[in-house]
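Colleague: What follows is entry-v4.pdb; its format and atoms are PDB, C-alpha atoms.
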```pdb
MODEL        1
ATOM      1  CA  MET V  23     140.407 118.815 100.239  1.00  0.00           C
ATOM      2  CA  GLN V  24     143.690 117.501  98.952  1.00  0.00           C
ATOM      3  CA  VAL V  25     142.728 114.148 100.451  1.00  0.00           C
ATOM      4  CA  LEU V  26     139.703 113.990  98.132  1.00  0.00           C
ATOM      5  CA  GLU V  27     141.978 114.540  95.132  1.00  0.00           C
ATOM      6  CA  SER V  28     143.685 111.253  95.922  1.00  0.00           C
ATOM      7  CA  PHE V  29     140.361 109.428  95.421  1.00  0.00           C
ATOM      8  CA  LYS V  30     140.564 110.121  91.693  1.00  0.00           C
ATOM      9  CA  HIS V  31     143.101 107.414  90.962  1.00  0.00           C
ATOM     10  CA  ALA V  32     143.052 103.904  92.331  1.00  0.00           C
ATOM     11  CA  ASP V  33     146.849 103.774  92.520  1.00  0.00           C
ATOM     12  CA  SER V  34     147.108 106.775  94.822  1.00  0.00           C
ATOM     13  CA  PHE V  35     144.221 105.479  96.948  1.00  0.00           C
ATOM     14  CA  ALA V  36     145.981 102.169  97.460  1.00  0.00           C
ATOM     15  CA  GLN V  37     149.085 103.984  98.674  1.00  0.00           C
ATOM     16  CA  MET V  38     147.203 106.042 101.296  1.00  0.00           C
ATOM     17  CA  ASP V  39     147.485 105.043 104.939  1.00  0.00           C
ATOM     18  CA  MET V  40     144.371 104.143 106.986  1.00  0.00           C
ATOM     19  CA  VAL V  41     143.994 107.572 108.643  1.00  0.00           C
ATOM     20  CA  ASP V  42     143.963 109.398 105.310  1.00  0.00           C
ATOM     21  CA  LYS V  43     141.437 106.892 103.943  1.00  0.00           C
ATOM     22  CA  LEU V  44     139.150 107.447 106.951  1.00  0.00           C
ATOM     23  CA  ILE V  45     139.434 111.237 106.652  1.00  0.00           C
ATOM     24  CA  ALA V  46     138.700 111.101 102.919  1.00  0.00           C
ATOM     25  CA  SER V  47     135.772 108.743 103.538  1.00  0.00           C
ATOM     26  CA  GLY V  48     134.431 111.151 106.172  1.00  0.00           C
ATOM     27  CA  TYR V  49     134.686 114.032 103.699  1.00  0.00           C
ATOM     28  CA  VAL V  50     132.800 112.042 101.069  1.00  0.00           C
ATOM     29  CA  THR V  51     130.147 111.034 103.611  1.00  0.00           C
ATOM     30  CA  MET V  52     129.654 114.612 104.833  1.00  0.00           C
ATOM     31  CA  LEU V  53     129.541 115.905 101.269  1.00  0.00           C
ATOM     32  CA  GLY V  54     126.886 113.334 100.312  1.00  0.00           C
ATOM     33  CA  MET V  55     124.801 114.015 103.420  1.00  0.00           C
ATOM     34  CA  GLY V  56     125.140 117.759 102.907  1.00  0.00           C
ATOM     35  CA  ILE V  57     123.922 117.560  99.323  1.00  0.00           C
ATOM     36  CA  THR V  58     121.039 115.327 100.400  1.00  0.00           C
ATOM     37  CA  PHE V  59     119.917 117.704 103.153  1.00  0.00           C
ATOM     38  CA  VAL V  60     120.203 120.716 100.874  1.00  0.00           C
ATOM     39  CA  ALA V  61     118.043 118.917  98.309  1.00  0.00           C
ATOM     40  CA  LEU V  62     115.473 117.972 100.992  1.00  0.00           C
ATOM     41  CA  ILE V  63     115.333 121.551 102.289  1.00  0.00           C
ATOM     42  CA  LEU V  64     114.867 122.787  98.730  1.00  0.00           C
ATOM     43  CA  ILE V  65     112.014 120.309  98.182  1.00  0.00           C
ATOM     44  CA  TRP V  66     110.434 121.366 101.498  1.00  0.00           C
ATOM     45  CA  PHE V  67     110.663 125.022 100.474  1.00  0.00           C
ATOM     46  CA  LEU V  68     109.081 124.336  97.083  1.00  0.00           C
ATOM     47  CA  ILE V  69     106.216 122.364  98.665  1.00  0.00           C
ATOM     48  CA  ALA V  70     105.582 125.170 101.179  1.00  0.00           C
ATOM     49  CA  LEU V  71     105.618 127.713  98.364  1.00  0.00           C
ATOM     50  CA  MET V  72     103.176 125.667  96.274  1.00  0.00           C
ATOM     51  CA  SER V  73     100.808 125.184  99.226  1.00  0.00           C
ATOM     52  CA  ARG V  74     100.729 128.959  99.824  1.00  0.00           C
ATOM     53  CA  PHE V  75     100.079 129.502  96.130  1.00  0.00           C
ATOM     54  CA  ILE V  76      97.249 126.948  96.109  1.00  0.00           C
ATOM     55  CA  ARG V  77      95.725 128.395  99.295  1.00  0.00           C
ATOM     56  CA  GLY V  78      95.794 131.822  97.666  1.00  0.00           C
ATOM     57  CA  ILE V  79      93.980 130.512  94.600  1.00  0.00           C
ATOM     58  CA  GLU V  80      91.408 128.680  96.731  1.00  0.00           C
ATOM     59  CA  SER V  81      90.737 131.761  98.845  1.00  0.00           C
ATOM     60  CA  LYS V  82      90.211 133.854  95.701  1.00  0.00           C
ATOM     61  CA  GLN V  83      87.766 131.250  94.391  1.00  0.00           C
ATOM     62  CA  ALA V  84      85.955 131.187  97.722  1.00  0.00           C
ATOM     63  CA  ILE V  85      85.551 134.950  97.578  1.00  0.00           C
ATOM     64  CA  THR V  86      84.253 134.916  94.005  1.00  0.00           C
ATOM     65  CA  GLU V  87      81.681 132.202  94.685  1.00  0.00           C
ATOM     66  CA  VAL V  88      78.144 133.494  94.926  1.00  0.00           C
ATOM     67  CA  LYS V  89      76.783 133.223  98.411  1.00  0.00           C
ATOM     68  CA  PRO V  90      73.139 132.103  98.534  1.00  0.00           C
ATOM     69  CA  ALA V  91      70.585 134.582  99.755  1.00  0.00           C
ATOM     70  CA  ASN V  92      68.908 134.042 103.090  1.00  0.00           C
ATOM     71  CA  VAL V  93      66.390 131.346 102.362  1.00  0.00           C
ATOM     72  CA  PRO V  94      63.934 130.441 105.084  1.00  0.00           C
ATOM     73  CA  ALA V  95      64.425 126.971 106.455  1.00  0.00           C
ATOM     74  CA  PRO V  96      61.931 124.406 105.204  1.00  0.00           C
ATOM     75  CA  VAL V  97      59.197 123.495 107.603  1.00  0.00           C
ATOM     76  CA  VAL V  98      59.588 119.987 108.932  1.00  0.00           C
ATOM     77  CA  VAL V  99      56.362 118.178 109.619  1.00  0.00           C
ATOM     78  CA  SER V 100      56.796 115.212 111.860  1.00  0.00           C
ATOM     79  CA  SER V 101      54.283 112.463 111.751  1.00  0.00           C
ATOM     80  CA  VAL V 102      53.990 109.513 114.051  1.00  0.00           C
ATOM     81  CA  SER V 103      53.119 106.294 112.299  1.00  0.00           C
ATOM     82  CA  SER V 104      53.233 102.695 113.308  1.00  0.00           C
ATOM     83  CA  VAL V 105      55.993 100.309 112.290  1.00  0.00           C
ATOM     84  CA  GLU V 106      53.503  98.136 110.406  1.00  0.00           C
ATOM     85  CA  GLY V 107      52.471 101.072 108.219  1.00  0.00           C
ATOM     86  CA  ASP V 108      56.071 101.842 107.272  1.00  0.00           C
ATOM     87  CA  GLU V 109      56.947  98.252 106.451  1.00  0.00           C
ATOM     88  CA  GLY V 110      55.622  98.505 102.891  1.00  0.00           C
ATOM     89  CA  GLU V 111      57.717 101.618 102.300  1.00  0.00           C
ATOM     90  CA  LEU V 112      60.723  99.938 103.872  1.00  0.00           C
ATOM     91  CA  VAL V 113      60.388  96.929 101.563  1.00  0.00           C
ATOM     92  CA  ALA V 114      60.074  99.251  98.554  1.00  0.00           C
ATOM     93  CA  VAL V 115      63.166 101.255  99.541  1.00  0.00           C
ATOM     94  CA  ILE V 116      65.268  98.162 100.193  1.00  0.00           C
ATOM     95  CA  THR V 117      64.131  96.590  96.901  1.00  0.00           C
ATOM     96  CA  ALA V 118      65.005  99.773  95.019  1.00  0.00           C
ATOM     97  CA  ALA V 119      68.439  99.932  96.674  1.00  0.00           C
ATOM     98  CA  ILE V 120      69.199  96.311  95.803  1.00  0.00           C
ATOM     99  CA  ALA V 121      68.019  96.814  92.225  1.00  0.00           C
ATOM    100  CA  ALA V 122      70.160  99.939  91.865  1.00  0.00           C
ATOM    101  CA  SER V 123      73.265  98.215  93.205  1.00  0.00           C
ATOM    102  CA  MET V 124      72.741  95.230  90.898  1.00  0.00           C
ATOM    103  CA  ASN V 125      71.855  97.419  87.853  1.00  0.00           C
ATOM    104  CA  THR V 126      68.614  95.545  87.255  1.00  0.00           C
ATOM    105  CA  SER V 127      64.908  96.261  87.345  1.00  0.00           C
ATOM    106  CA  MET V 128      62.870  96.117  90.551  1.00  0.00           C
ATOM    107  CA  HIS V 129      60.576  93.613  88.843  1.00  0.00           C
ATOM    108  CA  ASN V 130      63.388  91.028  88.804  1.00  0.00           C
ATOM    109  CA  ILE V 131      63.810  91.130  92.604  1.00  0.00           C
ATOM    110  CA  VAL V 132      61.418  89.781  95.215  1.00  0.00           C
ATOM    111  CA  VAL V 133      62.061  90.690  98.843  1.00  0.00           C
ATOM    112  CA  THR V 134      60.462  88.041 101.020  1.00  0.00           C
ATOM    113  CA  ASN V 135      61.949  88.630 104.445  1.00  0.00           C
ATOM    114  CA  ILE V 136      63.568  91.606 106.170  1.00  0.00           C
ATOM    115  CA  ARG V 137      65.387  90.974 109.441  1.00  0.00           C
ATOM    116  CA  ARG V 138      67.257  93.537 111.485  1.00  0.00           C
ATOM    117  CA  ILE V 139      70.753  92.327 112.299  1.00  0.00           C
ATOM    118  CA  PRO V 140      72.198  93.677 115.552  1.00  0.00           C
ATOM    119  CA  ASP V 141      75.099  96.073 115.109  1.00  0.00           C
ATOM    120  CA  THR V 142      78.272  94.626 116.646  1.00  0.00           C
ATOM    121  CA  THR V 143      80.560  97.408 115.474  1.00  0.00           C
ATOM    122  CA  PRO V 144      82.702  98.807 118.292  1.00  0.00           C
ATOM    123  CA  THR V 145      82.250 102.418 119.315  1.00  0.00           C
ATOM    124  CA  TRP V 146      85.551 103.508 117.800  1.00  0.00           C
ATOM    125  CA  GLY V 147      84.474 102.035 114.449  1.00  0.00           C
ATOM    126  CA  LYS V 148      81.199 103.934 114.492  1.00  0.00           C
ATOM    127  CA  LEU V 149      82.995 107.143 115.438  1.00  0.00           C
ATOM    128  CA  GLY V 150      85.530 106.657 112.656  1.00  0.00           C
ATOM    129  CA  ARG V 151      82.795 106.166 110.065  1.00  0.00           C
ATOM    130  CA  SER V 152      80.981 109.209 111.378  1.00  0.00           C
ATOM    131  CA  ASP V 153      84.135 111.320 111.128  1.00  0.00           C
ATOM    132  CA  VAL V 154      84.775 110.206 107.542  1.00  0.00           C
ATOM    133  CA  MET V 155      81.204 110.922 106.488  1.00  0.00           C
ATOM    134  CA  ASN V 156      81.177 114.319 108.228  1.00  0.00           C
ATOM    135  CA  ALA V 157      84.470 115.274 106.567  1.00  0.00           C
ATOM    136  CA  ARG V 158      82.779 115.075 103.169  1.00  0.00           C
ATOM    137  CA  PHE V 159      80.519 118.010 103.915  1.00  0.00           C
TER     138      PHE V 159
ENDMDL
END
```
Can you present the structure in this file as structure tokens?
Modeller:
Amino acid sequence: MQVLESFKHADSFAQMDMVDKLIASGYVTMLGMGITFVALILIWFLIALMSRFIRGIESKQAITEVKPANVPAPVVVSSVSSVEGDEGELVAVITAAIAASMNTSMHNIVVTNIRRIPDTTPTWGKLGRSDVMNARF
């Protein structure tokens, strides 16, 4: 460590030979890297500690939440109807969706033509969307 003491003054550093300069530079490099790794390990430890703390809080909240009683599943009645019969409902739903997205009244929008556009999304795109939407539940 006496070599590091010579770094304090520029005059003594200029008088050092190349080997002493390299050794002192190595010490400084190792000291800097050591401090950096110690700081990173400390940050890692603190993050791990906080995640355990948060998981503990979330598990306590999950336990205290009221679980719903056994409710019988609603009865699903399926009805078969023709496409022509549903077209009026389809136009109404699409008009309402457009009006809601534009923040306007349905009376200001007239839907004249509805065409189905073929889906050209690749399979991986559909699967990705499905995964994102399923992750929300």
Colleague: Excluding stretch 112-118 of chain V and residues on its chain fewer than 6 positions from it, collect all residues at most 10 Å away from it, counting only C-alpha atoms, and give them as a PyMOL selection string.
Modeller: chain V and resi 105-106+124+126-136
Colleague: Can you tell me how far atom CA of V:Met52 sits from atom CA of V:Leu68, in Å to one decimal?
Modeller: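 Separation of atom CA of V:Met52 and atom CA of V:Leu68: 24.0 Å.
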Colleague: One decimal, Å: what's the distance from atom CA of V:Ser34 over to atom CA of V:Ser47, could you say?
Modeller: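 Atom CA of V:Ser47 lies 14.4 Å from atom CA of V:Ser34.
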Colleague: Between V:Gln83, V:Val60, V:Gln24, V:Lys30, which residue has the minimum interatomic distance to V:Ile45, considering all atoms listed in the file?
Modeller: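 Of all the options, V:Gln24 lies closest to V:Ile45.
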Colleague: Skipping near chain neighbours, those fewer than 2 positions away, what residues fall within 12 Å of V:Glu27 using only C-alpha atoms, listed as a ChimeraX atom specification?
Modeller: /V:23-25,29-32,34-35,38,42-43,46-47,49-50
Colleague: In Å to one decimal, how far is atom CA of V:Met55 from atom CA of V:Ala36?
Modeller: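 So the answer is 25.0 Å.
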Colleague: Kindly compute an axis-aligned box around the listed atoms of stretch 54-61 of chain V, allowing 8 Å on each side, and express its centre and edge lengths in Å to one decimal as lines of an AutoDock Vina configuration file.
Modeller:
```
center_x = 122.5
center_y = 117.0
center_z = 100.9
size_x = 24.8
size_y = 23.4
size_z = 21.1
```
Colleague: Would you mind completing stretch 114-146 of chain V so that it carries N, CA and C atoms, and writing it out as a PDB file, in the frame of the given file?
Modeller:
```
ATOM      1  N   ALA V 114      59.894  98.592  99.853  1.00  0.00           N
ATOM      2  CA  ALA V 114      60.074  99.251  98.554  1.00  0.00           C
ATOM      3  C   ALA V 114      61.447  99.924  98.468  1.00  0.00           C
ATOM      4  N   VAL V 115      61.878 100.574  99.543  1.00  0.00           N
ATOM      5  CA  VAL V 115      63.166 101.255  99.541  1.00  0.00           C
ATOM      6  C   VAL V 115      64.312 100.258  99.465  1.00  0.00           C
ATOM      7  N   ILE V 116      64.208  99.172 100.222  1.00  0.00           N
ATOM      8  CA  ILE V 116      65.268  98.162 100.193  1.00  0.00           C
ATOM      9  C   ILE V 116      65.327  97.484  98.825  1.00  0.00           C
ATOM     10  N   THR V 117      64.168  97.191  98.234  1.00  0.00           N
ATOM     11  CA  THR V 117      64.131  96.590  96.901  1.00  0.00           C
ATOM     12  C   THR V 117      64.751  97.522  95.870  1.00  0.00           C
ATOM     13  N   ALA V 118      64.436  98.810  95.959  1.00  0.00           N
ATOM     14  CA  ALA V 118      65.005  99.773  95.019  1.00  0.00           C
ATOM     15  C   ALA V 118      66.517  99.887  95.193  1.00  0.00           C
ATOM     16  N   ALA V 119      66.995  99.846  96.437  1.00  0.00           N
ATOM     17  CA  ALA V 119      68.439  99.932  96.674  1.00  0.00           C
ATOM     18  C   ALA V 119      69.158  98.703  96.127  1.00  0.00           C
ATOM     19  N   ILE V 120      68.579  97.539  96.320  1.00  0.00           N
ATOM     20  CA  ILE V 120      69.199  96.311  95.803  1.00  0.00           C
ATOM     21  C   ILE V 120      69.202  96.332  94.279  1.00  0.00           C
ATOM     22  N   ALA V 121      68.101  96.761  93.684  1.00  0.00           N
ATOM     23  CA  ALA V 121      68.019  96.814  92.225  1.00  0.00           C
ATOM     24  C   ALA V 121      69.027  97.810  91.667  1.00  0.00           C
ATOM     25  N   ALA V 122      69.198  98.946  92.340  1.00  0.00           N
ATOM     26  CA  ALA V 122      70.160  99.939  91.865  1.00  0.00           C
ATOM     27  C   ALA V 122      71.586  99.429  91.975  1.00  0.00           C
ATOM     28  N   SER V 123      71.899  98.719  93.050  1.00  0.00           N
ATOM     29  CA  SER V 123      73.265  98.215  93.205  1.00  0.00           C
ATOM     30  C   SER V 123      73.567  97.080  92.246  1.00  0.00           C
ATOM     31  N   MET V 124      72.539  96.342  91.825  1.00  0.00           N
ATOM     32  CA  MET V 124      72.741  95.230  90.898  1.00  0.00           C
ATOM     33  C   MET V 124      72.503  95.642  89.448  1.00  0.00           C
ATOM     34  N   ASN V 125      72.142  96.903  89.201  1.00  0.00           N
ATOM     35  CA  ASN V 125      71.855  97.419  87.853  1.00  0.00           C
ATOM     36  C   ASN V 125      70.797  96.580  87.145  1.00  0.00           C
ATOM     37  N   THR V 126      69.706  96.330  87.825  1.00  0.00           N
ATOM     38  CA  THR V 126      68.614  95.545  87.255  1.00  0.00           C
ATOM     39  C   THR V 126      67.292  96.229  87.600  1.00  0.00           C
ATOM     40  N   SER V 127      66.225  95.708  87.094  1.00  0.00           N
ATOM     41  CA  SER V 127      64.908  96.261  87.345  1.00  0.00           C
ATOM     42  C   SER V 127      64.366  95.756  88.681  1.00  0.00           C
ATOM     43  N   MET V 128      63.481  96.537  89.291  1.00  0.00           N
ATOM     44  CA  MET V 128      62.870  96.117  90.551  1.00  0.00           C
ATOM     45  C   MET V 128      61.941  94.926  90.351  1.00  0.00           C
ATOM     46  N   HIS V 129      61.490  94.715  89.115  1.00  0.00           N
ATOM     47  CA  HIS V 129      60.576  93.613  88.843  1.00  0.00           C
ATOM     48  C   HIS V 129      61.291  92.263  88.882  1.00  0.00           C
ATOM     49  N   ASN V 130      62.617  92.271  88.782  1.00  0.00           N
ATOM     50  CA  ASN V 130      63.388  91.028  88.804  1.00  0.00           C
ATOM     51  C   ASN V 130      63.741  90.593  90.220  1.00  0.00           C
ATOM     52  N   ILE V 131      63.425  91.414  91.219  1.00  0.00           N
ATOM     53  CA  ILE V 131      63.810  91.130  92.604  1.00  0.00           C
ATOM     54  C   ILE V 131      62.554  91.004  93.449  1.00  0.00           C
ATOM     55  N   VAL V 132      62.528  89.973  94.287  1.00  0.00           N
ATOM     56  CA  VAL V 132      61.418  89.781  95.215  1.00  0.00           C
ATOM     57  C   VAL V 132      62.003  89.724  96.624  1.00  0.00           C
ATOM     58  N   VAL V 133      61.623  90.677  97.451  1.00  0.00           N
ATOM     59  CA  VAL V 133      62.061  90.690  98.843  1.00  0.00           C
ATOM     60  C   VAL V 133      61.008  89.954  99.649  1.00  0.00           C
ATOM     61  N   THR V 134      61.421  88.854 100.271  1.00  0.00           N
ATOM     62  CA  THR V 134      60.462  88.041 101.020  1.00  0.00           C
ATOM     63  C   THR V 134      60.579  88.221 102.524  1.00  0.00           C
ATOM     64  N   ASN V 135      61.767  88.541 103.010  1.00  0.00           N
ATOM     65  CA  ASN V 135      61.949  88.630 104.445  1.00  0.00           C
ATOM     66  C   ASN V 135      62.967  89.721 104.753  1.00  0.00           C
ATOM     67  N   ILE V 136      62.647  90.570 105.724  1.00  0.00           N
ATOM     68  CA  ILE V 136      63.568  91.606 106.170  1.00  0.00           C
ATOM     69  C   ILE V 136      63.776  91.399 107.658  1.00  0.00           C
ATOM     70  N   ARG V 137      65.040  91.164 108.043  1.00  0.00           N
ATOM     71  CA  ARG V 137      65.387  90.974 109.441  1.00  0.00           C
ATOM     72  C   ARG V 137      66.429  92.006 109.834  1.00  0.00           C
ATOM     73  N   ARG V 138      66.257  92.613 110.984  1.00  0.00           N
ATOM     74  CA  ARG V 138      67.257  93.537 111.485  1.00  0.00           C
ATOM     75  C   ARG V 138      68.365  92.727 112.139  1.00  0.00           C
ATOM     76  N   ILE V 139      69.598  93.001 111.727  1.00  0.00           N
ATOM     77  CA  ILE V 139      70.753  92.327 112.299  1.00  0.00           C
ATOM     78  C   ILE V 139      71.361  93.270 113.318  1.00  0.00           C
ATOM     79  N   PRO V 140      71.641  92.781 114.533  1.00  0.00           N
ATOM     80  CA  PRO V 140      72.198  93.677 115.552  1.00  0.00           C
ATOM     81  C   PRO V 140      73.580  94.178 115.140  1.00  0.00           C
ATOM     82  N   ASP V 141      73.838  95.440 115.457  1.00  0.00           N
ATOM     83  CA  ASP V 141      75.099  96.073 115.109  1.00  0.00           C
ATOM     84  C   ASP V 141      76.144  95.713 116.148  1.00  0.00           C
ATOM     85  N   THR V 142      77.207  95.032 115.723  1.00  0.00           N
ATOM     86  CA  THR V 142      78.272  94.626 116.646  1.00  0.00           C
ATOM     87  C   THR V 142      79.534  95.456 116.435  1.00  0.00           C
ATOM     88  N   THR V 143      79.403  96.561 115.720  1.00  0.00           N
ATOM     89  CA  THR V 143      80.560  97.408 115.474  1.00  0.00           C
ATOM     90  C   THR V 143      80.969  98.102 116.768  1.00  0.00           C
ATOM     91  N   PRO V 144      82.271  98.104 117.081  1.00  0.00           N
ATOM     92  CA  PRO V 144      82.702  98.807 118.292  1.00  0.00           C
ATOM     93  C   PRO V 144      82.504 100.310 118.160  1.00  0.00           C
ATOM     94  N   THR V 145      82.515 100.981 119.286  1.00  0.00           N
ATOM     95  CA  THR V 145      82.250 102.418 119.315  1.00  0.00           C
ATOM     96  C   THR V 145      83.267 103.189 118.489  1.00  0.00           C
ATOM     97  N   TRP V 146      84.534 102.779 118.555  1.00  0.00           N
ATOM     98  CA  TRP V 146      85.551 103.508 117.800  1.00  0.00           C
ATOM     99  C   TRP V 146      85.329 103.354 116.296  1.00  0.00           C
TER     100      TRP V 146
END
```
